[in-house]
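Notes follow the structure.
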Amino acid sequence: MSSQDEQVAQRRSNLDALATLGVDVYPHAFERRHTVADLVDAYNARTHDELEAERPETVTSGRILAIRSFGKASFLAISDGRARIQVYIRQDSLPPLDFQIFKLLDIGDWIGVEGRLFRTKTNELTVWASRLHFLAKCLLPLPEKWHGLTDVEIRYRQRYLDLIVNAESRRVFETRGRVVSAVREFMTGRGYLEVETPMMQPIAGGALARPFVTHHNALDMPLYLRIAPELYLKRLTVGGLERVFEINRSFRNEGISTQHNPEFTMMEFYEAYADYQVLMRMTEELVATVARQSIGTDQIAFGDHRMSLTPPFARLSLRDAARAAASSTLGRAVSDGDLRNQECAAGLARALGVDIEQGEGAGKITCAIFEALCEDQLIQPTFVYDFPTEVSPLSKQKPGDPDTVERFELYIGGFEVANAFSELNDPAEQRRRFEDQLKERARGNVEAHAMDEDYIRALEYGLPPTAGEGVGIDRLVMLLTNSPSIRDVILFPLMRKRE
RNA sequence: GACCCGGUAGCUCAGUGGUAGAGCAUCUGACUUUUAAUCAGAGGGCCGCGGGUUCAAUCCCCGCCCGGGUCACCA
């Protein structure tokens, strides 16, 4: 019998023995007076003498994380997930049945404890158990107490184990919860209405990405999991909802990396009468406020870097960034005009060793140069603004410069955290952009945007001047929790099927 | 998809072309204020899977599976 089988058999036999004693081994509820965290909060500051004077009584519960046994006396460490407390067990302080129960406990079991609080000789806050209640069995051995669980594969596949033994992991997901709450509070506080739009869409639009495909049986209709909520949210702005946001799960059928999970969370919002300049100022406030509310500061450490999220953030035009990087790499002056000319831009890309595809336009090449040379250098928060029209089919052009749109991306820690633009609201121009995308698609670009006639019709009813933005919640949480991989901030990241 | 690294006891990790190792965990015994408890003993292994080389493979070679990283693609 393997060690695991042996340990499971032992735990099963302890469970059977409890049942034989007449213990309900799967009780339905337990009424506790305090959580473990309550006790620690309330009594951690009390001295030995204060506790002896007060003799506070409690009924609490948790999972056993350690057992130190001395024959007729023992110490347990129990946890409610938030805090730990010690339980002191003595044979002469417990009813005989409860001591029998104690002897059949294993590490990982859930128990309820009644008793009074005191401090041991070593000054540890402890519950002196007068009653023990069995709540549920842990049939499998837990990871080791000292090194814990470090195998990332098990941490992702069996997140519950990670959460039981790695306090840091729990802290990350608590922070994530606070980030989402803070984002919601920030938006609703500014008069935005939280809405929910379809995750299953007949046309997957709003971003340049490959969708997941599914099928509705009764309607016999192909459907796509959304790649973005964008087009639906703007339909709502057409409908007069002037400020809307959605905390949305979106899905993109693409590679997995430290910064990409096939399903990910964005906060996308639209504000009528605003343009991208307004959103830059709002985004600074959002990021700084959310940081302060979720981790208590807007000064963060990320890997080897320290970043300040205090507004204002740096601003850098995309072409200037690409131009400066290309100039310094090549040791010769590169002009704005060079980047706007397809032949010059393609030549630059070749000289810089940046991969581009045959027939790619100047705008796409400029972006490729930016991504290759600049992106991972942008550690401190930086708005990169003014993108080529070619790569932005839903954004509004700059006055007098049809090759450029009013769009920005926010970079922090070397990756993109937000993407925003003044929304294209001219239906005729939108149709032309979609048609360009169809040409892209015909060239074999599977990520090109699809035609969406209903969206154009919505624009024909009139979209007020509007700016919109998507903020990557997972990536924001990575920054605020100093997590190097997006999988560390997603409870159940997608993993290949096992067995 | 390409390349690099990894997979050995429940967990964390050593290790060697010749019968497989430690700590924690588990079991037995001692112990009524310990806290990585201690002490004495014991059990626990398809060394990821499948081929090959070899008298002999956990180790060398090839393929595959799973994971991590880098790149590519994307957000």
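The chains in the structure tokens are called A, B, ... from first to last as shown; in each chain the residues are counted from 1, and the ligands are counted from 1 in the order shown.
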
Residues of chain A within 6 Å of chain B, using only C-alpha atoms (C1' of nucleotides), as a PDB file with all heavy atoms, in the first residue's frame?
```pdb
ATOM      1  N   SER A   2       0.557   2.192  -0.851  1.00  0.00           N
ATOM      2  CA  SER A   2       1.376   3.404  -0.900  1.00  0.00           C
ATOM      3  C   SER A   2       1.133   4.243   0.341  1.00  0.00           C
ATOM      4  O   SER A   2       0.173   4.045   1.082  1.00  0.00           O
ATOM      5  CB  SER A   2       1.014   4.219  -2.142  1.00  0.00           C
ATOM      6  OG  SER A   2      -0.240   4.842  -1.956  1.00  0.00           O
ATOM      7  N   SER A   3       2.023   5.205   0.540  1.00  0.00           N
ATOM      8  CA  SER A   3       1.910   6.080   1.701  1.00  0.00           C
ATOM      9  C   SER A   3       0.569   6.813   1.698  1.00  0.00           C
ATOM     10  O   SER A   3      -0.085   6.947   2.716  1.00  0.00           O
ATOM     11  CB  SER A   3       3.065   7.073   1.676  1.00  0.00           C
ATOM     12  OG  SER A   3       2.935   7.997   2.714  1.00  0.00           O
ATOM     13  N   GLN A   4       0.172   7.275   0.500  1.00  0.00           N
ATOM     14  CA  GLN A   4      -1.104   8.000   0.394  1.00  0.00           C
ATOM     15  C   GLN A   4      -2.265   7.070   0.747  1.00  0.00           C
ATOM     16  O   GLN A   4      -3.121   7.420   1.562  1.00  0.00           O
ATOM     17  CB  GLN A   4      -1.271   8.566  -1.016  1.00  0.00           C
ATOM     18  CG  GLN A   4      -2.709   8.839  -1.369  1.00  0.00           C
ATOM     19  CD  GLN A   4      -2.942  10.278  -1.811  1.00  0.00           C
ATOM     20  OE1 GLN A   4      -2.232  11.196  -1.433  1.00  0.00           O
ATOM     21  NE2 GLN A   4      -3.944  10.472  -2.632  1.00  0.00           N
ATOM     22  N   GLN A   7      -2.419   6.417   4.382  1.00  0.00           N
ATOM     23  CA  GLN A   7      -2.917   7.548   5.171  1.00  0.00           C
ATOM     24  C   GLN A   7      -4.420   7.721   4.997  1.00  0.00           C
ATOM     25  O   GLN A   7      -5.133   8.047   5.943  1.00  0.00           O
ATOM     26  CB  GLN A   7      -2.169   8.827   4.797  1.00  0.00           C
ATOM     27  CG  GLN A   7      -0.704   8.758   5.210  1.00  0.00           C
ATOM     28  CD  GLN A   7       0.037  10.066   5.019  1.00  0.00           C
ATOM     29  OE1 GLN A   7      -0.448  11.115   5.400  1.00  0.00           O
ATOM     30  NE2 GLN A   7       1.221  10.003   4.419  1.00  0.00           N
ATOM     31  N   PHE A  70       0.958  15.263  23.458  1.00  0.00           N
ATOM     32  CA  PHE A  70       1.830  14.869  24.564  1.00  0.00           C
ATOM     33  C   PHE A  70       1.160  13.818  25.438  1.00  0.00           C
ATOM     34  O   PHE A  70       1.267  13.857  26.652  1.00  0.00           O
ATOM     35  CB  PHE A  70       2.172  16.087  25.426  1.00  0.00           C
ATOM     36  CG  PHE A  70       2.890  17.150  24.663  1.00  0.00           C
ATOM     37  CD1 PHE A  70       2.177  18.032  23.883  1.00  0.00           C
ATOM     38  CD2 PHE A  70       4.262  17.230  24.688  1.00  0.00           C
ATOM     39  CE1 PHE A  70       2.832  19.001  23.148  1.00  0.00           C
ATOM     40  CE2 PHE A  70       4.918  18.200  23.956  1.00  0.00           C
ATOM     41  CZ  PHE A  70       4.199  19.083  23.169  1.00  0.00           C
ATOM     42  N   LYS A  72      -1.532  12.938  27.371  1.00  0.00           N
ATOM     43  CA  LYS A  72      -2.787  13.367  27.984  1.00  0.00           C
ATOM     44  C   LYS A  72      -3.071  14.855  27.748  1.00  0.00           C
ATOM     45  O   LYS A  72      -4.097  15.372  28.163  1.00  0.00           O
ATOM     46  CB  LYS A  72      -2.771  13.075  29.490  1.00  0.00           C
ATOM     47  CG  LYS A  72      -2.699  11.588  29.802  1.00  0.00           C
ATOM     48  CD  LYS A  72      -2.925  11.325  31.273  1.00  0.00           C
ATOM     49  CE  LYS A  72      -2.881   9.856  31.607  1.00  0.00           C
ATOM     50  NZ  LYS A  72      -1.480   9.302  31.502  1.00  0.00           N
ATOM     51  N   ALA A  73      -2.145  15.544  27.098  1.00  0.00           N
ATOM     52  CA  ALA A  73      -2.366  16.945  26.719  1.00  0.00           C
ATOM     53  C   ALA A  73      -1.901  17.143  25.278  1.00  0.00           C
ATOM     54  O   ALA A  73      -1.006  16.434  24.821  1.00  0.00           O
ATOM     55  CB  ALA A  73      -1.610  17.886  27.629  1.00  0.00           C
ATOM     56  N   THR A 120      -0.621  30.637  27.237  1.00  0.00           N
ATOM     57  CA  THR A 120       0.232  29.562  27.722  1.00  0.00           C
ATOM     58  C   THR A 120       1.517  30.143  28.302  1.00  0.00           C
ATOM     59  O   THR A 120       1.748  31.354  28.226  1.00  0.00           O
ATOM     60  CB  THR A 120       0.619  28.616  26.583  1.00  0.00           C
ATOM     61  OG1 THR A 120       1.324  29.373  25.598  1.00  0.00           O
ATOM     62  CG2 THR A 120      -0.610  27.982  25.957  1.00  0.00           C
ATOM     63  N   LYS A 121       2.346  29.267  28.839  1.00  0.00           N
ATOM     64  CA  LYS A 121       3.640  29.687  29.374  1.00  0.00           C
ATOM     65  C   LYS A 121       4.441  30.466  28.342  1.00  0.00           C
ATOM     66  O   LYS A 121       5.206  31.357  28.674  1.00  0.00           O
ATOM     67  CB  LYS A 121       4.463  28.449  29.792  1.00  0.00           C
ATOM     68  CG  LYS A 121       4.228  28.004  31.213  1.00  0.00           C
ATOM     69  CD  LYS A 121       5.366  27.101  31.683  1.00  0.00           C
ATOM     70  CE  LYS A 121       5.101  25.688  31.247  1.00  0.00           C
ATOM     71  NZ  LYS A 121       5.865  24.660  31.991  1.00  0.00           N
ATOM     72  N   PRO A 141      -4.306  13.372   2.928  1.00  0.00           N
ATOM     73  CA  PRO A 141      -3.262  14.106   3.651  1.00  0.00           C
ATOM     74  C   PRO A 141      -3.026  15.475   3.029  1.00  0.00           C
ATOM     75  O   PRO A 141      -3.032  15.619   1.810  1.00  0.00           O
ATOM     76  CB  PRO A 141      -2.027  13.209   3.502  1.00  0.00           C
ATOM     77  CG  PRO A 141      -2.297  12.333   2.333  1.00  0.00           C
ATOM     78  CD  PRO A 141      -3.795  12.173   2.237  1.00  0.00           C
ATOM     79  N   PRO A 143      -0.698  18.961   2.264  1.00  0.00           N
ATOM     80  CA  PRO A 143       0.719  19.242   2.024  1.00  0.00           C
ATOM     81  C   PRO A 143       1.439  19.580   3.327  1.00  0.00           C
ATOM     82  O   PRO A 143       0.818  19.926   4.322  1.00  0.00           O
ATOM     83  CB  PRO A 143       0.686  20.450   1.095  1.00  0.00           C
ATOM     84  CG  PRO A 143      -0.642  20.383   0.430  1.00  0.00           C
ATOM     85  CD  PRO A 143      -1.574  19.800   1.451  1.00  0.00           C
ATOM     86  N   GLU A 144       2.730  19.507   3.273  1.00  0.00           N
ATOM     87  CA  GLU A 144       3.577  19.658   4.446  1.00  0.00           C
ATOM     88  C   GLU A 144       3.475  21.047   5.080  1.00  0.00           C
ATOM     89  O   GLU A 144       3.322  22.053   4.411  1.00  0.00           O
ATOM     90  CB  GLU A 144       5.017  19.425   3.988  1.00  0.00           C
ATOM     91  CG  GLU A 144       5.970  19.201   5.084  1.00  0.00           C
ATOM     92  CD  GLU A 144       7.280  19.862   4.768  1.00  0.00           C
ATOM     93  OE1 GLU A 144       7.629  19.962   3.572  1.00  0.00           O
ATOM     94  OE2 GLU A 144       7.937  20.298   5.720  1.00  0.00           O
ATOM     95  N   HIS A 147       7.251  23.573   4.295  1.00  0.00           N
ATOM     96  CA  HIS A 147       7.489  24.066   2.934  1.00  0.00           C
ATOM     97  C   HIS A 147       6.196  24.382   2.211  1.00  0.00           C
ATOM     98  O   HIS A 147       6.194  25.060   1.200  1.00  0.00           O
ATOM     99  CB  HIS A 147       8.301  23.038   2.134  1.00  0.00           C
ATOM    100  CG  HIS A 147       9.651  22.782   2.705  1.00  0.00           C
ATOM    101  ND1 HIS A 147       9.896  21.766   3.588  1.00  0.00           N
ATOM    102  CD2 HIS A 147      10.819  23.434   2.548  1.00  0.00           C
ATOM    103  CE1 HIS A 147      11.176  21.802   3.946  1.00  0.00           C
ATOM    104  NE2 HIS A 147      11.756  22.788   3.336  1.00  0.00           N
ATOM    105  N   GLU A 153       1.707  23.557 -10.531  1.00  0.00           N
ATOM    106  CA  GLU A 153       0.666  22.802 -11.239  1.00  0.00           C
ATOM    107  C   GLU A 153      -0.449  22.395 -10.272  1.00  0.00           C
ATOM    108  O   GLU A 153      -1.636  22.554 -10.564  1.00  0.00           O
ATOM    109  CB  GLU A 153       1.281  21.557 -11.898  1.00  0.00           C
ATOM    110  CG  GLU A 153       0.272  20.818 -12.736  1.00  0.00           C
ATOM    111  CD  GLU A 153       0.901  19.742 -13.583  1.00  0.00           C
ATOM    112  OE1 GLU A 153       2.143  19.634 -13.608  1.00  0.00           O
ATOM    113  OE2 GLU A 153       0.133  19.011 -14.233  1.00  0.00           O
TER     114      GLU A 153
END
```

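Take atom CA of Ala167 of chain A and atom CA of Thr126 of chain A: the distance between them is 20.5 Å.
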
As a VMD selection string, please: every residue in segment 161-406 of chain A that a backbone DSSP assignment puts in helix (DSSP H, G or I). chain A and resid 161 to 165 167 to 189 230 to 238 276 to 295 318 to 330 336 to 340 342 to 352 362 to 373 375 to 377 389 to 391

Taking only C-alpha atoms into account, name the residue in A:Thr188, A:Asn253, A:Gln397, A:Gln380 that is nearest to Asp275 of chain A. A:Gln397

Atom pair atom CA of Ala37 of chain A + atom CA of Arg82 of chain A, distance 6.0 Å

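Between Ser294 of chain A and the residues A:Leu491, A:Leu117, A:Ile111, A:Val183, the shortest atom-to-atom distance, using only C-alpha atoms, involves A:Val183.
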
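Considering the residues B:A42, B:G52, B:G17, B:C71 and counting only C-alpha atoms (C1' of nucleotides), C4 of chain B has its shortest atom-to-atom contact with B:C71.
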
Mind the document's chain letters and residue numbers, and return as an MDAnalysis selection string the residues of segment 271-429 of chain A that DSSP labels strand (DSSP E). chainID A and resid 271:272 299:302 305:308 314:317 382:388 397:398 401:412 415:422

Could you save those same residues with N, CA and C atoms as a short mmCIF file (atom, residue, chain, number, x, y, z; two decimals), in the first residue's frame?
```cif
data_model
loop_
_atom_site.label_atom_id
_atom_site.label_comp_id
_atom_site.auth_asym_id
_atom_site.auth_seq_id
_atom_site.Cartn_x
_atom_site.Cartn_y
_atom_site.Cartn_z
N GLU A 271 -18.52 56.78 -21.71
CA GLU A 271 -19.01 58.05 -21.15
C GLU A 271 -19.34 59.00 -22.29
N ALA A 272 -20.62 59.36 -22.37
CA ALA A 272 -21.04 60.31 -23.40
C ALA A 272 -20.44 61.67 -23.12
N GLN A 299 1.90 53.33 -4.01
CA GLN A 299 3.30 53.05 -4.31
C GLN A 299 3.46 51.53 -4.29
N ILE A 300 3.87 50.93 -5.40
CA ILE A 300 3.88 49.48 -5.45
C ILE A 300 5.24 48.94 -5.84
N ALA A 301 5.47 47.69 -5.42
CA ALA A 301 6.66 46.95 -5.84
C ALA A 301 6.19 45.86 -6.78
N PHE A 302 6.87 45.76 -7.92
CA PHE A 302 6.51 44.71 -8.86
C PHE A 302 7.80 44.09 -9.37
N HIS A 305 11.01 46.10 -9.69
CA HIS A 305 10.69 47.51 -9.89
C HIS A 305 9.85 48.08 -8.76
N ARG A 306 10.00 49.38 -8.57
CA ARG A 306 9.08 50.11 -7.70
C ARG A 306 8.37 51.13 -8.56
N MET A 307 7.06 51.19 -8.44
CA MET A 307 6.31 52.11 -9.28
C MET A 307 5.44 53.02 -8.42
N SER A 308 5.27 54.23 -8.93
CA SER A 308 4.35 55.16 -8.29
C SER A 308 3.10 55.29 -9.14
N ALA A 314 2.79 59.57 -16.96
CA ALA A 314 3.50 60.05 -18.15
C ALA A 314 2.64 59.86 -19.39
N ARG A 315 2.86 60.71 -20.39
CA ARG A 315 2.14 60.62 -21.65
C ARG A 315 3.16 60.62 -22.79
N LEU A 316 2.95 59.73 -23.73
CA LEU A 316 3.94 59.53 -24.79
C LEU A 316 3.19 59.12 -26.04
N SER A 317 3.41 59.82 -27.15
CA SER A 317 2.67 59.41 -28.34
C SER A 317 3.30 58.15 -28.93
N THR A 382 2.33 54.85 -17.89
CA THR A 382 2.50 55.72 -19.06
C THR A 382 1.32 55.55 -20.01
N PHE A 383 0.74 56.68 -20.39
CA PHE A 383 -0.28 56.64 -21.45
C PHE A 383 0.42 56.75 -22.80
N VAL A 384 0.26 55.75 -23.61
CA VAL A 384 0.77 55.80 -24.98
C VAL A 384 -0.43 56.16 -25.85
N TYR A 385 -0.34 57.30 -26.57
CA TYR A 385 -1.55 57.80 -27.23
C TYR A 385 -1.33 58.04 -28.72
N ASP A 386 -2.44 58.17 -29.39
CA ASP A 386 -2.49 58.44 -30.83
C ASP A 386 -2.00 57.26 -31.65
N PHE A 387 -2.92 56.37 -31.96
CA PHE A 387 -2.61 55.13 -32.66
C PHE A 387 -2.93 55.25 -34.16
N PRO A 388 -2.28 54.43 -34.97
CA PRO A 388 -2.64 54.41 -36.40
C PRO A 388 -4.09 53.95 -36.57
N GLN A 397 -11.00 59.36 -35.64
CA GLN A 397 -9.77 59.98 -36.13
C GLN A 397 -9.52 61.32 -35.47
N LYS A 398 -8.22 61.69 -35.49
CA LYS A 398 -7.89 63.03 -35.00
C LYS A 398 -8.26 64.04 -36.07
N ASP A 401 -6.03 64.65 -39.28
CA ASP A 401 -5.03 63.58 -39.43
C ASP A 401 -5.74 62.23 -39.53
N PRO A 402 -6.24 61.91 -40.72
CA PRO A 402 -7.06 60.70 -40.88
C PRO A 402 -6.30 59.39 -40.63
N ASP A 403 -4.96 59.43 -40.64
CA ASP A 403 -4.19 58.20 -40.37
C ASP A 403 -4.06 57.90 -38.88
N THR A 404 -4.53 58.82 -38.06
CA THR A 404 -4.33 58.69 -36.62
C THR A 404 -5.66 58.79 -35.90
N VAL A 405 -5.82 57.93 -34.88
CA VAL A 405 -7.05 57.99 -34.09
C VAL A 405 -6.75 58.44 -32.66
N GLU A 406 -7.79 58.96 -32.02
CA GLU A 406 -7.69 59.40 -30.63
C GLU A 406 -7.82 58.18 -29.72
N ARG A 407 -6.70 57.54 -29.49
CA ARG A 407 -6.73 56.30 -28.71
C ARG A 407 -5.50 56.27 -27.81
N PHE A 408 -5.65 55.69 -26.64
CA PHE A 408 -4.46 55.46 -25.82
C PHE A 408 -4.50 54.09 -25.17
N GLU A 409 -3.31 53.62 -24.85
CA GLU A 409 -3.19 52.44 -24.01
C GLU A 409 -2.38 52.84 -22.79
N LEU A 410 -2.76 52.31 -21.63
CA LEU A 410 -2.00 52.57 -20.41
C LEU A 410 -1.06 51.39 -20.17
N TYR A 411 0.23 51.71 -20.04
CA TYR A 411 1.22 50.67 -19.72
C TYR A 411 1.72 50.86 -18.30
N ILE A 412 1.78 49.76 -17.56
CA ILE A 412 2.40 49.76 -16.23
C ILE A 412 3.16 48.44 -16.10
N PHE A 415 3.52 46.10 -19.32
CA PHE A 415 2.41 45.53 -20.10
C PHE A 415 1.18 46.43 -20.10
N GLU A 416 0.30 46.13 -21.04
CA GLU A 416 -0.88 46.96 -21.25
C GLU A 416 -1.91 46.67 -20.17
N VAL A 417 -2.40 47.73 -19.55
CA VAL A 417 -3.40 47.57 -18.50
C VAL A 417 -4.75 48.11 -18.95
N ALA A 418 -4.75 49.09 -19.86
CA ALA A 418 -6.02 49.66 -20.32
C ALA A 418 -5.88 50.13 -21.75
N ASN A 419 -7.02 50.19 -22.42
CA ASN A 419 -7.08 50.58 -23.82
C ASN A 419 -8.33 51.43 -23.97
N ALA A 420 -8.18 52.64 -24.55
CA ALA A 420 -9.31 53.56 -24.58
C ALA A 420 -9.28 54.39 -25.84
N PHE A 421 -10.45 54.87 -26.25
CA PHE A 421 -10.46 55.80 -27.36
C PHE A 421 -11.72 56.63 -27.41
N SER A 422 -11.59 57.73 -28.16
CA SER A 422 -12.77 58.48 -28.55
C SER A 422 -13.48 57.60 -29.57
#
```

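When the distance limit is 8 Å and only C-alpha atoms (C1' of nucleotides) are what count, the residues near segment 11-18 of chain A, minus those fewer than 6 positions from it on the same chain, are Asp24, Val25, Ile101, Leu104, Leu105, Asp106, Lys137, Cys138, Leu139 and Leu140 of chain A.
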
Export of the given selection (N, CA and C atoms) as a compact mmCIF listing (two decimals), in the first residue's frame:
```
# COMPACT_ATOMS: atom_id res chain seq x y z
N ASP A 24 -22.20 12.12 15.01
CA ASP A 24 -22.69 12.46 13.67
C ASP A 24 -21.49 12.99 12.89
N VAL A 25 -20.98 12.20 11.94
CA VAL A 25 -19.72 12.59 11.30
C VAL A 25 -19.90 13.61 10.18
N ILE A 101 -13.10 11.60 20.80
CA ILE A 101 -13.17 12.27 19.49
C ILE A 101 -11.81 12.86 19.14
N LEU A 104 -9.28 10.72 17.61
CA LEU A 104 -9.56 10.25 16.24
C LEU A 104 -9.45 11.37 15.21
N LEU A 105 -8.95 12.54 15.64
CA LEU A 105 -8.82 13.66 14.71
C LEU A 105 -7.53 13.55 13.89
N ASP A 106 -7.61 14.04 12.66
CA ASP A 106 -6.44 14.12 11.79
C ASP A 106 -6.24 15.57 11.36
N LYS A 137 -14.62 15.50 8.03
CA LYS A 137 -13.35 14.79 7.93
C LYS A 137 -12.55 15.25 6.73
N CYS A 138 -11.25 15.31 6.91
CA CYS A 138 -10.33 15.46 5.78
C CYS A 138 -9.74 14.09 5.52
N LEU A 139 -10.13 13.47 4.41
CA LEU A 139 -9.73 12.09 4.15
C LEU A 139 -8.37 11.96 3.47
N LEU A 140 -7.89 13.08 2.93
CA LEU A 140 -6.62 13.04 2.21
C LEU A 140 -5.56 13.82 2.98
```

Could you check how far atom CA of Asp298 of chain A sits from atom CA of Thr310 of chain A, in Å to one decimal? 6.1 Å
